[in-house]
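J.: mmCIF, C-alpha atoms, pLDDT in the B column; chains and numbers go by the auth columns, saved as structure18.cif, coming up:
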data_protein
loop_
_atom_site.group_PDB
_atom_site.id
_atom_site.type_symbol
_atom_site.label_atom_id
_atom_site.label_comp_id
_atom_site.label_asym_id
_atom_site.label_seq_id
_atom_site.Cartn_x
_atom_site.Cartn_y
_atom_site.Cartn_z
_atom_site.B_iso_or_equiv
_atom_site.auth_seq_id
_atom_site.auth_asym_id
ATOM 1 C CA MET A 1 2.572 4.234 24.108 96.00 1 W
ATOM 2 C CA PHE A 2 4.953 4.425 21.196 97.00 2 W
ATOM 3 C CA CYS A 3 5.183 1.824 18.440 98.00 3 W
ATOM 4 C CA ALA A 4 7.239 2.225 15.324 98.00 4 W
ATOM 5 C CA ILE A 5 8.684 0.425 12.345 98.00 5 W
ATOM 6 C CA THR A 6 11.849 2.254 11.353 98.00 6 W
ATOM 7 C CA ARG A 7 14.747 2.061 8.907 98.00 7 W
ATOM 8 C CA ASP A 8 16.913 4.028 11.326 98.00 8 W
ATOM 9 C CA PRO A 9 19.170 2.478 14.006 98.00 9 W
ATOM 10 C CA ILE A 10 17.173 1.941 17.180 98.00 10 W
ATOM 11 C CA ASP A 11 18.024 4.003 20.245 97.00 11 W
ATOM 12 C CA ALA A 12 16.988 1.736 23.100 98.00 12 W
ATOM 13 C CA ALA A 13 18.063 4.236 25.746 98.00 13 W
ATOM 14 C CA ALA A 14 15.774 6.854 24.224 97.00 14 W
ATOM 15 C CA LEU A 15 12.872 4.387 24.363 98.00 15 W
ATOM 16 C CA ALA A 16 13.616 3.787 28.052 98.00 16 W
ATOM 17 C CA ARG A 17 13.610 7.527 28.749 98.00 17 W
ATOM 18 C CA HIS A 18 10.368 7.856 26.793 98.00 18 W
ATOM 19 C CA VAL A 19 8.423 5.340 28.914 98.00 19 W
ATOM 20 C CA ARG A 20 9.679 6.264 32.372 98.00 20 W
ATOM 21 C CA SER A 21 7.481 8.281 34.713 98.00 21 W
ATOM 22 C CA ASP A 22 8.030 9.286 38.325 98.00 22 W
ATOM 23 C CA ALA A 23 5.643 6.531 39.435 98.00 23 W
ATOM 24 C CA ASP A 24 7.863 3.807 37.983 98.00 24 W
ATOM 25 C CA GLY A 25 10.360 1.791 40.016 98.00 25 W
ATOM 26 C CA ALA A 26 11.324 -0.374 37.056 98.00 26 W
ATOM 27 C CA VAL A 27 12.172 0.409 33.459 98.00 27 W
ATOM 28 C CA LEU A 28 12.903 -2.787 31.564 98.00 28 W
ATOM 29 C CA VAL A 29 14.421 -2.801 28.098 98.00 29 W
ATOM 30 C CA PHE A 30 14.639 -5.856 25.874 98.00 30 W
ATOM 31 C CA THR A 31 16.760 -5.617 22.745 98.00 31 W
ATOM 32 C CA GLY A 32 16.748 -8.291 20.058 98.00 32 W
ATOM 33 C CA VAL A 33 20.061 -8.247 18.243 98.00 33 W
ATOM 34 C CA VAL A 34 21.289 -9.841 15.025 97.00 34 W
ATOM 35 C CA ARG A 35 23.401 -12.893 15.760 95.00 35 W
ATOM 36 C CA ASP A 36 25.891 -14.658 13.529 95.00 36 W
ATOM 37 C CA HIS A 37 24.296 -18.087 13.315 92.00 37 W
ATOM 38 C CA HIS A 38 21.044 -19.855 12.655 90.00 38 W
ATOM 39 C CA GLU A 39 20.548 -23.613 12.845 88.00 39 W
ATOM 40 C CA GLY A 40 24.215 -24.322 12.387 89.00 40 W
ATOM 41 C CA ARG A 41 24.694 -21.957 9.454 91.00 41 W
ATOM 42 C CA SER A 42 26.902 -18.927 9.612 94.00 42 W
ATOM 43 C CA VAL A 43 24.879 -15.767 9.017 95.00 43 W
ATOM 44 C CA GLU A 44 26.634 -12.814 7.425 95.00 44 W
ATOM 45 C CA SER A 45 23.826 -10.272 7.488 95.00 45 W
ATOM 46 C CA LEU A 46 20.098 -10.075 7.223 96.00 46 W
ATOM 47 C CA SER A 47 17.257 -7.832 6.224 98.00 47 W
ATOM 48 C CA TYR A 48 13.797 -7.324 7.593 98.00 48 W
ATOM 49 C CA GLU A 49 10.709 -6.440 5.598 98.00 49 W
ATOM 50 C CA ALA A 50 7.383 -5.365 7.075 98.00 50 W
ATOM 51 C CA PHE A 51 3.827 -4.582 6.067 98.00 51 W
ATOM 52 C CA ALA A 52 4.510 -1.423 7.997 98.00 52 W
ATOM 53 C CA GLU A 53 1.033 0.071 8.375 98.00 53 W
ATOM 54 C CA MET A 54 -0.397 -3.202 9.661 98.00 54 W
ATOM 55 C CA ALA A 55 2.673 -3.963 11.755 98.00 55 W
ATOM 56 C CA VAL A 56 2.331 -0.706 13.678 98.00 56 W
ATOM 57 C CA GLU A 57 -1.373 -1.403 14.282 98.00 57 W
ATOM 58 C CA LYS A 58 -0.535 -4.901 15.542 98.00 58 W
ATOM 59 C CA LEU A 59 2.212 -3.563 17.830 98.00 59 W
ATOM 60 C CA GLU A 60 -0.186 -0.988 19.264 98.00 60 W
ATOM 61 C CA GLY A 61 -2.816 -3.663 19.859 98.00 61 W
ATOM 62 C CA ILE A 62 -0.301 -5.886 21.639 98.00 62 W
ATOM 63 C CA CYS A 63 0.802 -2.973 23.829 98.00 63 W
ATOM 64 C CA ARG A 64 -2.795 -2.089 24.719 98.00 64 W
ATOM 65 C CA ASP A 65 -3.523 -5.720 25.650 98.00 65 W
ATOM 66 C CA VAL A 66 -0.405 -5.853 27.804 98.00 66 W
ATOM 67 C CA GLN A 67 -1.273 -2.595 29.551 98.00 67 W
ATOM 68 C CA ALA A 68 -4.704 -4.021 30.357 98.00 68 W
ATOM 69 C CA ARG A 69 -3.297 -7.317 31.637 98.00 69 W
ATOM 70 C CA PHE A 70 -0.247 -6.170 33.647 98.00 70 W
ATOM 71 C CA GLU A 71 0.226 -3.352 36.131 98.00 71 W
ATOM 72 C CA VAL A 72 2.563 -1.378 33.940 98.00 72 W
ATOM 73 C CA GLY A 73 2.862 2.224 32.928 98.00 73 W
ATOM 74 C CA ASP A 74 4.043 3.241 29.519 98.00 74 W
ATOM 75 C CA VAL A 75 5.350 0.799 26.912 98.00 75 W
ATOM 76 C CA ALA A 76 7.210 1.302 23.655 98.00 76 W
ATOM 77 C CA VAL A 77 8.259 -0.995 20.818 98.00 77 W
ATOM 78 C CA ALA A 78 10.502 -0.169 17.873 98.00 78 W
ATOM 79 C CA HIS A 79 11.304 -2.718 15.154 98.00 79 W
ATOM 80 C CA ARG A 80 13.837 -2.023 12.458 98.00 80 W
ATOM 81 C CA VAL A 81 13.508 -2.890 8.767 98.00 81 W
ATOM 82 C CA GLY A 82 16.047 -2.866 5.965 98.00 82 W
ATOM 83 C CA ASP A 83 19.568 -4.264 5.965 98.00 83 W
ATOM 84 C CA LEU A 84 21.078 -5.102 9.344 98.00 84 W
ATOM 85 C CA ALA A 85 24.561 -6.224 10.364 97.00 85 W
ATOM 86 C CA ILE A 86 25.591 -8.674 13.060 97.00 86 W
ATOM 87 C CA GLY A 87 25.159 -6.940 16.404 97.00 87 W
ATOM 88 C CA ASP A 88 22.558 -4.438 15.196 98.00 88 W
ATOM 89 C CA VAL A 89 19.416 -4.050 17.282 98.00 89 W
ATOM 90 C CA SER A 90 16.446 -5.419 15.352 98.00 90 W
ATOM 91 C CA VAL A 91 13.793 -4.778 17.986 98.00 91 W
ATOM 92 C CA ALA A 92 13.614 -2.891 21.266 98.00 92 W
ATOM 93 C CA ILE A 93 10.841 -3.118 23.837 98.00 93 W
ATOM 94 C CA ALA A 94 10.728 -0.699 26.770 98.00 94 W
ATOM 95 C CA VAL A 95 8.320 -1.250 29.665 98.00 95 W
ATOM 96 C CA ALA A 96 7.970 1.031 32.663 98.00 96 W
ATOM 97 C CA ALA A 97 6.156 -0.166 35.778 98.00 97 W
ATOM 98 C CA PRO A 98 5.905 0.641 39.480 98.00 98 W
ATOM 99 C CA HIS A 99 7.277 -2.854 40.229 98.00 99 W
ATOM 100 C CA ARG A 100 9.549 -5.188 38.303 98.00 100 W
ATOM 101 C CA ASP A 101 7.360 -8.330 38.314 98.00 101 W
ATOM 102 C CA ALA A 102 4.850 -6.745 35.998 98.00 102 W
ATOM 103 C CA ALA A 103 7.592 -5.277 33.806 98.00 103 W
ATOM 104 C CA TYR A 104 9.184 -8.697 33.243 98.00 104 W
ATOM 105 C CA GLY A 105 5.836 -10.313 32.464 98.00 105 W
ATOM 106 C CA ALA A 106 4.787 -7.565 30.097 98.00 106 W
ATOM 107 C CA SER A 107 8.109 -7.450 28.260 98.00 107 W
ATOM 108 C CA ARG A 108 8.150 -11.224 27.731 98.00 108 W
ATOM 109 C CA THR A 109 4.555 -11.233 26.534 98.00 109 W
ATOM 110 C CA ILE A 110 5.244 -8.483 24.020 98.00 110 W
ATOM 111 C CA ILE A 111 8.232 -10.175 22.391 98.00 111 W
ATOM 112 C CA GLU A 112 6.462 -13.537 22.156 98.00 112 W
ATOM 113 C CA ARG A 113 3.444 -11.929 20.499 98.00 113 W
ATOM 114 C CA VAL A 114 5.617 -9.852 18.144 98.00 114 W
ATOM 115 C CA LYS A 115 7.180 -13.089 16.928 97.00 115 W
ATOM 116 C CA ARG A 116 3.805 -14.757 16.342 97.00 116 W
ATOM 117 C CA GLU A 117 1.547 -11.998 15.108 98.00 117 W
ATOM 118 C CA VAL A 118 3.270 -9.004 13.560 98.00 118 W
ATOM 119 C CA PRO A 119 3.692 -8.944 9.747 98.00 119 W
ATOM 120 C CA ILE A 120 7.472 -8.731 9.618 98.00 120 W
ATOM 121 C CA TRP A 121 9.772 -11.106 7.685 98.00 121 W
ATOM 122 C CA LYS A 122 13.475 -11.846 7.870 98.00 122 W
ATOM 123 C CA ARG A 123 15.817 -12.686 5.008 97.00 123 W
ATOM 124 C CA GLU A 124 19.172 -14.145 5.980 96.00 124 W
ATOM 125 C CA ARG A 125 22.398 -14.003 3.996 96.00 125 W
ATOM 126 C CA TYR A 126 24.740 -16.874 4.781 95.00 126 W
ATOM 127 C CA ALA A 127 28.511 -17.054 4.657 91.00 127 W
ATOM 128 C CA ASP A 128 28.317 -19.471 1.717 90.00 128 W
ATOM 129 C CA GLY A 129 26.566 -16.815 -0.343 92.00 129 W
ATOM 130 C CA GLN A 130 23.064 -18.288 -0.170 94.00 130 W
ATOM 131 C CA GLU A 131 20.036 -16.320 0.963 96.00 131 W
ATOM 132 C CA ALA A 132 16.723 -17.469 2.369 95.00 132 W
ATOM 133 C CA TRP A 133 13.543 -16.172 3.945 96.00 133 W
ATOM 134 C CA ARG A 134 13.463 -17.441 7.496 93.00 134 W
ATOM 135 C CA ASP A 135 10.711 -19.913 8.373 91.00 135 W
ATOM 136 C CA GLY A 136 8.217 -18.326 10.705 94.00 136 W
ATOM 137 C CA SER A 137 4.802 -18.689 12.300 94.00 137 W
ATOM 138 C CA LEU A 138 1.522 -18.387 10.449 94.00 138 W
ATOM 139 C CA PRO A 139 -0.663 -15.995 12.464 95.00 139 W
ATOM 140 C CA GLU A 140 -4.056 -17.351 13.544 91.00 140 W
ATOM 141 C CA PRO A 141 -7.041 -15.542 12.061 87.00 141 W
ATOM 142 C CA PRO A 142 -9.982 -15.152 14.468 82.00 142 W
ATOM 143 C CA GLY A 143 -12.691 -17.786 14.255 71.00 143 W
ATOM 144 C CA SER A 144 -10.360 -20.443 12.913 55.00 144 W
ATOM 145 C CA GLY A 145 -8.668 -23.602 14.244 45.00 145 W
ATOM 146 C CA MET B 1 -16.055 -5.562 -7.367 96.00 1 R
ATOM 147 C CA ARG B 2 -12.363 -4.761 -7.284 97.00 2 R
ATOM 148 C CA VAL B 3 -10.027 -6.128 -4.640 98.00 3 R
ATOM 149 C CA ARG B 4 -6.402 -5.109 -4.173 98.00 4 R
ATOM 150 C CA CYS B 5 -4.010 -7.948 -3.261 97.00 5 R
ATOM 151 C CA LEU B 6 -0.672 -7.259 -1.602 98.00 6 R
ATOM 152 C CA PHE B 7 2.207 -9.756 -1.592 97.00 7 R
ATOM 153 C CA PHE B 8 5.161 -9.639 0.765 97.00 8 R
ATOM 154 C CA ALA B 9 8.506 -11.339 1.195 97.00 9 R
ATOM 155 C CA ALA B 10 8.566 -14.906 -0.123 96.00 10 R
ATOM 156 C CA TYR B 11 5.063 -14.575 -1.615 95.00 11 R
ATOM 157 C CA ARG B 12 6.093 -11.486 -3.600 95.00 12 R
ATOM 158 C CA GLU B 13 8.891 -13.551 -5.104 93.00 13 R
ATOM 159 C CA LEU B 14 6.594 -16.491 -5.883 92.00 14 R
ATOM 160 C CA ILE B 15 3.896 -14.323 -7.467 92.00 15 R
ATOM 161 C CA GLY B 16 6.344 -11.985 -9.173 90.00 16 R
ATOM 162 C CA ALA B 17 4.454 -8.872 -8.079 92.00 17 R
ATOM 163 C CA GLU B 18 3.955 -6.675 -5.001 95.00 18 R
ATOM 164 C CA GLU B 19 0.379 -5.951 -5.884 96.00 19 R
ATOM 165 C CA LEU B 20 -2.430 -7.330 -8.046 95.00 20 R
ATOM 166 C CA GLU B 21 -5.869 -5.910 -8.586 96.00 21 R
ATOM 167 C CA LEU B 22 -8.603 -8.466 -9.243 95.00 22 R
ATOM 168 C CA GLU B 23 -12.239 -8.321 -10.293 96.00 23 R
ATOM 169 C CA LEU B 24 -14.504 -10.616 -8.314 96.00 24 R
ATOM 170 C CA PRO B 25 -18.262 -11.233 -8.205 96.00 25 R
ATOM 171 C CA GLU B 26 -20.191 -9.546 -5.361 94.00 26 R
ATOM 172 C CA GLY B 27 -20.203 -11.684 -2.254 95.00 27 R
ATOM 173 C CA ALA B 28 -16.962 -13.472 -3.103 97.00 28 R
ATOM 174 C CA THR B 29 -15.038 -14.806 -0.134 98.00 29 R
ATOM 175 C CA VAL B 30 -11.331 -14.799 0.672 97.00 30 R
ATOM 176 C CA GLU B 31 -11.276 -18.440 -0.389 96.00 31 R
ATOM 177 C CA ARG B 32 -12.660 -17.492 -3.814 96.00 32 R
ATOM 178 C CA LEU B 33 -10.050 -14.765 -4.135 97.00 33 R
ATOM 179 C CA ILE B 34 -7.270 -17.221 -3.326 96.00 34 R
ATOM 180 C CA GLU B 35 -8.531 -19.570 -6.055 94.00 35 R
ATOM 181 C CA GLU B 36 -8.381 -16.662 -8.476 94.00 36 R
ATOM 182 C CA VAL B 37 -4.859 -15.748 -7.416 94.00 37 R
ATOM 183 C CA ARG B 38 -3.704 -19.357 -7.745 93.00 38 R
ATOM 184 C CA ALA B 39 -5.253 -19.559 -11.206 91.00 39 R
ATOM 185 C CA ARG B 40 -3.343 -16.444 -12.247 88.00 40 R
ATOM 186 C CA ALA B 41 -0.046 -17.335 -10.615 84.00 41 R
ATOM 187 C CA GLY B 42 -0.008 -21.036 -11.307 75.00 42 R
ATOM 188 C CA SER B 43 -1.221 -23.529 -8.735 61.00 43 R
ATOM 189 C CA ALA B 44 2.256 -24.420 -7.498 65.00 44 R
ATOM 190 C CA ALA B 45 3.208 -20.843 -6.737 79.00 45 R
ATOM 191 C CA LEU B 46 1.690 -20.345 -3.290 90.00 46 R
ATOM 192 C CA PRO B 47 1.629 -22.852 -0.407 92.00 47 R
ATOM 193 C CA ARG B 48 -1.506 -24.826 0.389 91.00 48 R
ATOM 194 C CA ARG B 49 -2.114 -23.113 3.708 93.00 49 R
ATOM 195 C CA LEU B 50 -2.477 -19.359 3.452 95.00 50 R
ATOM 196 C CA VAL B 51 -3.193 -16.570 5.915 97.00 51 R
ATOM 197 C CA VAL B 52 -4.498 -13.218 4.719 98.00 52 R
ATOM 198 C CA ALA B 53 -5.273 -9.873 6.301 98.00 53 R
ATOM 199 C CA VAL B 54 -8.343 -8.063 4.992 98.00 54 R
ATOM 200 C CA ASN B 55 -7.984 -4.323 5.525 98.00 55 R
ATOM 201 C CA ARG B 56 -5.136 -5.047 7.957 98.00 56 R
ATOM 202 C CA GLU B 57 -6.946 -7.574 10.142 97.00 57 R
ATOM 203 C CA TYR B 58 -6.285 -11.286 9.928 98.00 58 R
ATOM 204 C CA ALA B 59 -9.413 -12.872 8.488 97.00 59 R
ATOM 205 C CA PRO B 60 -10.657 -16.443 8.031 97.00 60 R
ATOM 206 C CA LEU B 61 -11.131 -17.924 4.561 96.00 61 R
ATOM 207 C CA ASP B 62 -14.919 -17.574 4.648 96.00 62 R
ATOM 208 C CA THR B 63 -14.737 -13.791 5.075 97.00 63 R
ATOM 209 C CA VAL B 64 -16.941 -12.032 2.514 98.00 64 R
ATOM 210 C CA LEU B 65 -15.058 -9.340 0.607 98.00 65 R
ATOM 211 C CA GLY B 66 -16.295 -5.910 -0.426 97.00 66 R
ATOM 212 C CA ASP B 67 -15.452 -3.500 -3.227 97.00 67 R
ATOM 213 C CA GLY B 68 -12.160 -1.743 -2.546 97.00 68 R
ATOM 214 C CA ASP B 69 -10.942 -4.211 0.080 98.00 69 R
ATOM 215 C CA GLU B 70 -7.219 -4.673 0.526 98.00 70 R
ATOM 216 C CA VAL B 71 -6.143 -8.289 1.013 98.00 71 R
ATOM 217 C CA ALA B 72 -2.576 -8.860 2.133 98.00 72 R
ATOM 218 C CA PHE B 73 -1.114 -12.333 1.720 97.00 73 R
ATOM 219 C CA ILE B 74 0.922 -12.933 4.863 98.00 74 R
ATOM 220 C CA PRO B 75 3.808 -15.444 4.728 97.00 75 R
ATOM 221 C CA PRO B 76 4.823 -17.052 8.030 97.00 76 R
ATOM 222 C CA VAL B 77 6.012 -14.122 10.123 98.00 77 R
ATOM 223 C CA ALA B 78 9.548 -13.920 11.452 97.00 78 R
ATOM 224 C CA GLY B 79 9.959 -10.626 13.245 97.00 79 R
ATOM 225 C CA GLY B 80 11.472 -9.899 16.628 92.00 80 R
#
Any chance you could give the structure as structure tokens?

T.:
Amino acid sequence: MFCAITRDPIDAAALARHVRSDADGAVLVFTGVVRDHHEGRSVESLSYEAFAEMAVEKLEGICRDVQARFEVGDVAVAHRVGDLAIGDVSVAIAVAAPHRDAAYGASRTIIERVKREVPIWKRERYADGQEAWRDGSLPEPPGSG
Amino acid sequence: MRVRCLFFAAYRELIGAEELELELPEGATVERLIEEVRARAGSAALPRRLVVAVNREYAPLDTVLGDGDEVAFIPPVAGG
């Protein structure tokens, strides 16, 4: 398992090579990329900020849960922080598995949980010059709600 | 006891600091800490509903804090 928060450009192909083993018939890579619009506004660029130490722990916990729940082999997640341009990879998730069903399920589960639970925030810069922190999800503490 | 508060993203901008160290009575809860932070920062600064992580684990408001704890104030997350 490999989980990282990095300022460097993400090499998704390297993550795929990292997770593959000879037992795997599927290596699935999801890349989240920076797009040029959000809710009708034109986005020029954005930046991500993370509570890095906690974010890595959360990513590792998500990966462990997914490995327990799905029949997958190795998994890896890298999320970038700092300034990103349109088209840059913000997050990459690589899942290796003997069979593709489990890989698809695991990959989807990881990205959905990253978006709900990991302490990472996004600031968008719009074409009109304005900037804003993107609305997000408040994580659920245990024993609440 | 001393507790170290960390502020990120929008909350860092609202509070005007990345970090605050606060003195609290023994047995104080997260909720008590939040009251203290609001009193310092001005009641309008932070939203009504807050989520914190105590020593990097999300924790409910009734969590009892200990000396040296790190409490991160977590704005709504928007990663991925």

J.: Using the chain letters and numbers from this file, what does the PyMOL selection byres ((chain W and resi 46) around 6) select? Give the answer as a PDB file with C-alpha atoms, keeping the file's coordinate frame.

T.:
ATOM      1  CA  SER W  45      23.826 -10.272   7.488  1.00 95.00           C
ATOM      2  CA  SER W  47      17.257  -7.832   6.224  1.00 98.00           C
ATOM      3  CA  ASP W  83      19.568  -4.264   5.965  1.00 98.00           C
ATOM      4  CA  LEU W  84      21.078  -5.102   9.344  1.00 98.00           C
ATOM      5  CA  ARG W 123      15.817 -12.686   5.008  1.00 97.00           C
ATOM      6  CA  GLU W 124      19.172 -14.145   5.980  1.00 96.00           C
ATOM      7  CA  ARG W 125      22.398 -14.003   3.996  1.00 96.00           C
TER       8      ARG W 125
END

J.: Between CA of Ser107 in chain W and CA of Gly32 in chain W, what is the distance, to one decimal in Å?

T.: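 Result for CA of Ser107 in chain W versus CA of Gly32 in chain W: 11.9 Å, one decimal.
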
J.: Specify as a PyMOL selection string all residues of chain R found within 8 Å of chain W, counting only C-alpha atoms.

T.: chain R and resi 8-10+51+56-60+74-80

J.: Give me the residues near Val66 in chain W as a PyMOL selection string, where near means some atom within 9 Å (using all atoms listed in the file) and where sequence neighbours in that chain fewer than 3 positions away do not count.

T.: chain W and resi 61-63+69-72+75+105-107+109-110

J.: Given the PyMOL selection byres ((chain W and resi 1) around 6) and the file above, list the residues it selects as a VMD selection string.

T.: chain W and resid 2 74 to 76

J.: Given 5 Å of margin on each side, can you work out the centre and size in Å (one decimal) of an axis-aligned box holding every listed atom of range 14-28 of chain W, as lines of an AutoDock Vina configuration file?

T.:
center_x = 10.7
center_y = 3.2
center_z = 32.1
size_x = 20.1
size_y = 22.1
size_z = 25.8

J.: Skipping near chain neighbours, those fewer than 3 positions away, what residues fall within 8 Å of Arg4 in chain R using only C-alpha atoms, listed as a list in words?

T.: Glu19, Leu20, Glu21, Leu22, Gly68, Asp69, Glu70 and Val71 of chain R

J.: Suppose we keep C-alpha atoms; can you now write the selection as a PDB file, in the frame of the given file?

T.:
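out10.pdb, freshly written:
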ATOM      1  CA  GLU R  19       0.379  -5.951  -5.884  1.00 96.00           C
ATOM      2  CA  LEU R  20      -2.430  -7.330  -8.046  1.00 95.00           C
ATOM      3  CA  GLU R  21      -5.869  -5.910  -8.586  1.00 96.00           C
ATOM      4  CA  LEU R  22      -8.603  -8.466  -9.243  1.00 95.00           C
ATOM      5  CA  GLY R  68     -12.160  -1.743  -2.546  1.00 97.00           C
ATOM      6  CA  ASP R  69     -10.942  -4.211   0.080  1.00 98.00           C
ATOM      7  CA  GLU R  70      -7.219  -4.673   0.526  1.00 98.00           C
ATOM      8  CA  VAL R  71      -6.143  -8.289   1.013  1.00 98.00           C
TER       9      VAL R  71
END

J.: Given the file above and the PyMOL selection byres ((chain R and resi 48) around 12), which residues are selected, and can you give them as a ChimeraX atom specification?

T.: /R:31,34-35,38,43-47,49-51,75

J.: Provide the CA of Val29 in chain W to CA of Arg7 in chain W distance in Å, to one decimal place.

T.: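 Computing it gives 19.8 Å between the two atoms.
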
J.: So how many Å separate CA of Val52 in chain R and CA of Arg32 in chain R, to one decimal?

T.: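 According to the coordinates, CA of Val52 in chain R and CA of Arg32 in chain R are separated by 12.6 Å.
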
J.: I need the residue nearest Leu15 in chain W from this list: W:Asp36, W:Cys3, W:Arg100, W:Ala94. Use only C-alpha atoms for the distance.

T.: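 Ranked by minimum distance to Leu15 in chain W, first place goes to W:Ala94.
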
J.: Can you work out which one of R:Asp67, R:Leu61, R:Glu18, R:Arg12 has the shortest atom-to-atom distance to Leu33 in chain R, counting all atoms listed in the file?

T.: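 Counting all atoms listed in the file, the residue closest to Leu33 in chain R is R:Leu61.
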